[in-house]
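The file data21.pdb comes next; it holds PDB, C-alpha atoms.
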```pdb
ATOM      1  CA  MET A   1     -14.007  -2.862 -14.366
ATOM      2  CA  PRO A   2     -12.179   0.224 -13.104
ATOM      3  CA  PRO A   3     -11.446   3.008 -15.560
ATOM      4  CA  ALA A   4      -7.876   3.286 -16.835
ATOM      5  CA  ASP A   5      -7.547   7.051 -16.359
ATOM      6  CA  VAL A   6      -7.769   7.632 -12.601
ATOM      7  CA  PRO A   7      -6.629  11.025 -11.296
ATOM      8  CA  GLU A   8      -3.488  10.862  -9.170
ATOM      9  CA  ASP A   9      -5.055  12.446  -6.066
ATOM     10  CA  CYS A  10      -7.527   9.609  -5.608
ATOM     11  CA  HIS A  11      -7.935   5.861  -5.456
ATOM     12  CA  LEU A  12     -10.845   3.694  -6.528
ATOM     13  CA  CYS A  13     -13.322   2.355  -4.015
ATOM     14  CA  PRO A  14     -12.960  -1.444  -4.018
ATOM     15  CA  GLY A  15     -16.733  -1.848  -3.812
ATOM     16  CA  CYS A  16     -17.905   0.316  -6.692
ATOM     17  CA  TYR A  17     -14.806   1.691  -8.408
ATOM     18  CA  ARG A  18     -15.896   5.284  -7.758
ATOM     19  CA  PRO A  19     -12.978   7.661  -7.239
ATOM     20  CA  VAL A  20     -12.303   8.420  -3.578
ATOM     21  CA  TYR A  21     -10.251  11.598  -3.357
ATOM     22  CA  GLU A  22      -7.673  12.270  -0.665
ATOM     23  CA  SER A  23      -9.733  15.257   0.486
ATOM     24  CA  SER A  24     -12.849  13.128   1.045
ATOM     25  CA  SER A  25     -13.380  10.656   3.821
ATOM     26  CA  SER A  26     -12.933   6.993   3.095
ATOM     27  CA  HIS A  27     -13.848   4.123   5.345
ATOM     28  CA  THR A  28     -12.024   1.099   6.647
ATOM     29  CA  LEU A  29     -13.777  -1.952   8.038
ATOM     30  CA  VAL A  30     -11.339  -3.629  10.387
ATOM     31  CA  GLY A  31     -12.224  -7.194  11.266
ATOM     32  CA  ALA A  32     -14.771  -7.404   8.463
ATOM     33  CA  GLY A  33     -13.118 -10.536   7.137
ATOM     34  CA  PRO A  34      -9.728 -12.170   6.831
ATOM     35  CA  MET A  35      -8.324  -8.802   5.706
ATOM     36  CA  PRO A  36      -9.670  -5.317   6.394
ATOM     37  CA  VAL A  37     -11.485  -3.567   3.566
ATOM     38  CA  ILE A  38      -9.778  -0.212   3.036
ATOM     39  CA  GLY A  39     -10.730   2.889   1.073
ATOM     40  CA  LEU A  40     -14.469   2.454   0.757
ATOM     41  CA  CYS A  41     -16.608   5.341  -0.394
ATOM     42  CA  ARG A  42     -19.463   6.366   1.882
ATOM     43  CA  LEU A  43     -22.132   4.596  -0.203
ATOM     44  CA  CYS A  44     -20.333   1.250  -0.064
ATOM     45  CA  ALA A  45     -19.457   1.611   3.618
ATOM     46  CA  GLU A  46     -23.125   2.186   4.434
ATOM     47  CA  GLY A  47     -24.272  -0.776   2.323
ATOM     48  CA  THR A  48     -26.173   1.427  -0.126
ATOM     49  CA  THR A  49     -24.304   0.219  -3.202
ATOM     50  CA  LEU A  50     -25.029  -3.476  -2.605
ATOM     51  CA  ARG A  51     -28.702  -2.799  -1.839
ATOM     52  CA  SER A  52     -29.066  -0.753  -5.039
ATOM     53  CA  LEU A  53     -27.363  -3.386  -7.187
ATOM     54  CA  ARG A  54     -29.544  -6.153  -5.744
ATOM     55  CA  GLN A  55     -32.745  -4.136  -6.234
ATOM     56  CA  ALA A  56     -31.820  -3.419  -9.846
ATOM     57  CA  ASP A  57     -30.754  -7.056 -10.369
ATOM     58  CA  VAL A  58     -27.493  -5.908 -11.947
ATOM     59  CA  PRO A  59     -24.701  -8.432 -12.602
ATOM     60  CA  VAL A  60     -21.690  -7.621 -10.434
ATOM     61  CA  ASP A  61     -18.003  -8.466 -10.878
ATOM     62  CA  ALA A  62     -16.984 -11.313  -8.515
ATOM     63  CA  GLN A  63     -14.286  -9.274  -6.755
ATOM     64  CA  GLN A  64     -16.599  -6.292  -6.344
ATOM     65  CA  LEU A  65     -19.345  -8.556  -4.997
ATOM     66  CA  ALA A  66     -16.948 -10.111  -2.474
ATOM     67  CA  VAL A  67     -16.049  -6.649  -1.134
ATOM     68  CA  LEU A  68     -19.690  -5.550  -0.934
ATOM     69  CA  GLU A  69     -20.782  -8.778   0.770
ATOM     70  CA  THR A  70     -17.935  -8.427   3.291
ATOM     71  CA  VAL A  71     -19.237  -4.950   4.093
ATOM     72  CA  ALA A  72     -22.791  -6.269   4.417
ATOM     73  CA  ALA A  73     -21.647  -8.996   6.809
ATOM     74  CA  ALA A  74     -19.810  -6.434   8.932
ATOM     75  CA  LEU A  75     -22.924  -4.258   9.080
ATOM     76  CA  ALA A  76     -25.210  -7.143  10.064
TER      77      ALA A  76
END
```
Spit out the file's structure as structure tokens when you get a sec.
Amino acid sequence: MPPADVPEDCHLCPGCYRPVYESSSSHTLVGAGPMPVIGLCRLCAEGTTLRSLRQADVPVDAQQLAVLETVAAALA
């Protein structure tokens, strides 16, 4: 679940809820699914987050998992 106190100069990555600041690069996967996935942090865009969560066998929020699996499908 995303934290309630997010700084105003950032948004939360839809894959991991890490803050993505306006000064950092974020990633958009166009055509990754029915709607593009916008604002991904580098780790989610590269598929690192999903791989790490699967290796650690960590339960993942359904919405977060859908975003990460969409990224994985686009990378395949």
Write out as a PyMOL selection string which residues come within 12 Å of segment 54-60 of chain A when counting all atoms listed in the file, dropping same-chain ones fewer than 4 positions away. chain A and resi 1+15-17+47-50+64-69
Evaluate the PyMOL selection byres ((chain A and resi 18) around 10) on the structure here and hand back the selected residues as a list in words.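 What the PyMOL selection byres ((chain A and resi 18) around 10) grabs from the file is Pro2, Pro3, Val6, Cys10, His11, Leu12, Cys13, Pro14, Gly15, Cys16, Tyr17, Pro19, Val20, Tyr21, Leu40, Cys41, Leu43 and Cys44 of chain A.
What separates atom CA of Asp61 of chain A from atom CA of Ala73 of chain A is a distance of 18.1 Å.
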Specify the axis-aligned box that encloses all atoms of segment 45-57 of chain A listed in the file after padding of 8 Å on each side, stating its centre and edge lengths in Å to one decimal as JSON.
```
{"center_x": -26.1, "center_y": -2.4, "center_z": -3.0, "size_x": 29.3, "size_y": 25.2, "size_z": 30.8}
```
